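As structure tokens, the structure follows; a few thoughts come after it.
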Amino acid sequence: MNGLSPLRQAPARHPLSRGWVWVRSGFDIFNKGMGASVAMVVFWFGVGMVLDLLPAGGLLSQLLYMVWGAGWAVVAARGYRGEALKFNDLFAGFRHKLTPLMLGGLLVLALFTLIGLVCVGLLSMWGLLSVLTQDPDSMVVSALQVQQLLIVLLVGMMLVIPVLMAVTFAPALIYFHDVGILQAARLSFAGCWRNMWPFFWWGILCAILLLFGAVLLLVGLLVVIPALNYSIYVAYRDIFVDEEGEVTPPVTPFGFEA
């Protein structure tokens with residue numbers, strides 16, 4: 001179980017105001033290593049941009065989704081313990097639990113692909129694909145087509161949200177607790193469902209902060225994005241971890257484990 005205390009019998013339920021605590025705590029962790037956090041998010045973005053240039057880069061990015069998520073969780077864990085953040089921790093998912101984390105990324109890719117196929121199927125059934133390929137300057141759309149497009153959008157959102165709920169905490173659960181991929185997805189979904197209102201408030205705060213960061217010539221995002229990543233770790237601990245009798249995990253800087 002990688003040194004952490006056991007999981008709770010059931011995910012804890014928190015009030016709406018807890019969403020603010022998670023965000024604030026994320027920024028507290030960011031303050032434990034501002035330079036390291038900025039360097040990590042720049043490197044993270046840089047790797048993503050390089051992968052996008054490769055023929056199968058998009059696929060590889062999806063497979064690494066949970067690997068990076070575990071890395072951000074390990075970085076946050078160090079800051080949560082009051083220690084200075086370390087850049088090397090971002091690669092923890094490559095050294096430990098790499099195989100299940102990548103399989104989790106494959107599951108996410110499969111689910112989003114399925115959702116995309118459902119939406120494309122609806123667009124095709126209603127003859128809306130040709131509408132979306134029209135020149136925006138000369139596009140003509142009827143009221144019925146607008147309604148159908150909104151329905152497709154709504155269906156897509158209704159399918160995407162449960163998937164996001166299932167993957168939010170999955171990387172941390174897989175990495176820290178040796179939880180299987182499907183069980184991690186189930187627990188993550190249950191944790192989000194039981195804390196729907198604090199996550200609703202957390203989501204509003206995230207949207208505001210991301211908008212504010214974008215307004216600041218994108219420089220603010222170098223602060224906001226790592227802080228929000230850390231806030232997910234704080235929420236994970238709040239919801240899933242039984243902290244009584246917790247043992248501080250040893251840090252292994254070198255070596256790889258699939």
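Identifiers in the structure tokens: chain A, B, ... in order shown; residue index from 1 per chain; ligand index from 1 in order shown.
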For this session: Select from stretch 87-168 of chain A everything DSSP, run on the backbone, classes as helix (DSSP H, G or I), then give the selection as number ranges by chain.
Result: A: 87-95, 98-125, 129-132, 136-138, 143-167
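Every protein or nucleic acid residue with an atom no more than 10 Å from A:Met66, counting only C-alpha atoms and leaving out same-chain residues fewer than 5 positions away, appears here: A:Ser61, A:Gly71, A:Trp72, A:Gly93, A:Leu98, A:Pro100, A:Leu101, A:Met102, A:Leu103, A:Gly104, A:Gly105, A:Leu106, A:Val108, A:Val167, A:Thr168, A:Phe169, A:Ala170, A:Pro171, A:Ala172, A:Ile174, A:Tyr175.
Distance-wise, atom CA of A:Arg8 and atom CA of A:Asp242 end up 5.3 Å apart.
Excluding A:Ile204 and any residue on its chain fewer than 5 positions from it, the residues at most 10 Å away by only C-alpha atoms are Gly19, Trp20, Pro198, Phe199, Leu209 and Leu210 of chain A.
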For this session: Would you work out the distance separating atom CA of A:Gly26 from atom CA of A:Gly46, expressed in Å to one decimal?
Result: 22.6 Å
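Residues lying within 9 Å of A:Val41, counting only C-alpha atoms and ignoring same-chain neighbours fewer than 3 positions away, are Ala36, Ser37, Val38, Trp44, Phe45, Gly46, Leu222, Val223, Ile225 and Pro226 of chain A.
Distances here use only C-alpha atoms; by that measure, the residue among A:Asp52, A:Leu107, A:Lys32, A:Lys97 closest to A:His177 is A:Lys97.
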Exercise. Do you know which residues are at most 9 Å from stretch 186-189 of chain A counting only C-alpha atoms, after dropping those on the same chain fewer than 2 positions away, and could you put them as JSON, numbers by chain?
Worked result: {"A": [10, 11, 162, 163, 164, 165, 166, 167, 168, 169, 170, 173, 181, 182, 183, 184, 191, 192, 193, 194, 236, 240]}
For this session: Quick one: everything within 9 Å of stretch 111-119 of chain A, counting only C-alpha atoms, minus sequence neighbours fewer than 4 positions away in the same chain. Send it as a PyMOL selection string.
Result: chain A and resi 106-107+123-124+152-153+155-156+159-160+163
Can you write just those residues out, N, CA and C atoms, as a CSV table (one decimal), in the first residue's frame?
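Written out: result.csv:
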chain,number,residue,atom,x,y,z
A,106,LEU,N,-5.4,3.8,-21.0
A,106,LEU,CA,-6.1,3.2,-22.2
A,106,LEU,C,-7.6,3.1,-21.9
A,107,LEU,N,-8.0,2.8,-20.7
A,107,LEU,CA,-9.4,2.8,-20.4
A,107,LEU,C,-10.1,4.1,-20.6
A,123,LEU,N,-25.1,12.8,-34.7
A,123,LEU,CA,-24.9,13.9,-35.7
A,123,LEU,C,-25.2,13.3,-37.1
A,124,SER,N,-24.7,12.1,-37.4
A,124,SER,CA,-25.0,11.5,-38.7
A,124,SER,C,-26.4,11.1,-38.8
A,152,VAL,N,-27.2,16.8,-28.8
A,152,VAL,CA,-25.9,16.1,-28.9
A,152,VAL,C,-24.9,16.6,-27.9
A,153,LEU,N,-24.9,17.9,-27.7
A,153,LEU,CA,-24.0,18.5,-26.7
A,153,LEU,C,-24.3,18.0,-25.3
A,155,VAL,N,-26.0,15.3,-24.5
A,155,VAL,CA,-25.7,13.9,-24.3
A,155,VAL,C,-24.2,13.7,-24.1
A,156,GLY,N,-23.4,14.4,-24.9
A,156,GLY,CA,-21.9,14.3,-24.7
A,156,GLY,C,-21.5,14.7,-23.3
A,159,LEU,N,-22.4,12.0,-20.7
A,159,LEU,CA,-21.5,10.9,-20.7
A,159,LEU,C,-20.1,11.2,-20.3
A,160,VAL,N,-19.7,12.4,-20.5
A,160,VAL,CA,-18.3,12.8,-20.1
A,160,VAL,C,-18.2,13.0,-18.6
A,163,VAL,N,-17.4,9.9,-16.6
A,163,VAL,CA,-16.1,9.4,-16.9
A,163,VAL,C,-15.1,10.2,-16.1
Exercise. Any idea what the distance is between atom CA of A:Trp68 and atom CA of A:Met34?
Worked result: 18.7 Å
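With distances restricted to only C-alpha atoms, A:Thr99 is the closest residue to A:Asp178 from A:Ser138, A:Thr133, A:Ser17, A:Thr99.
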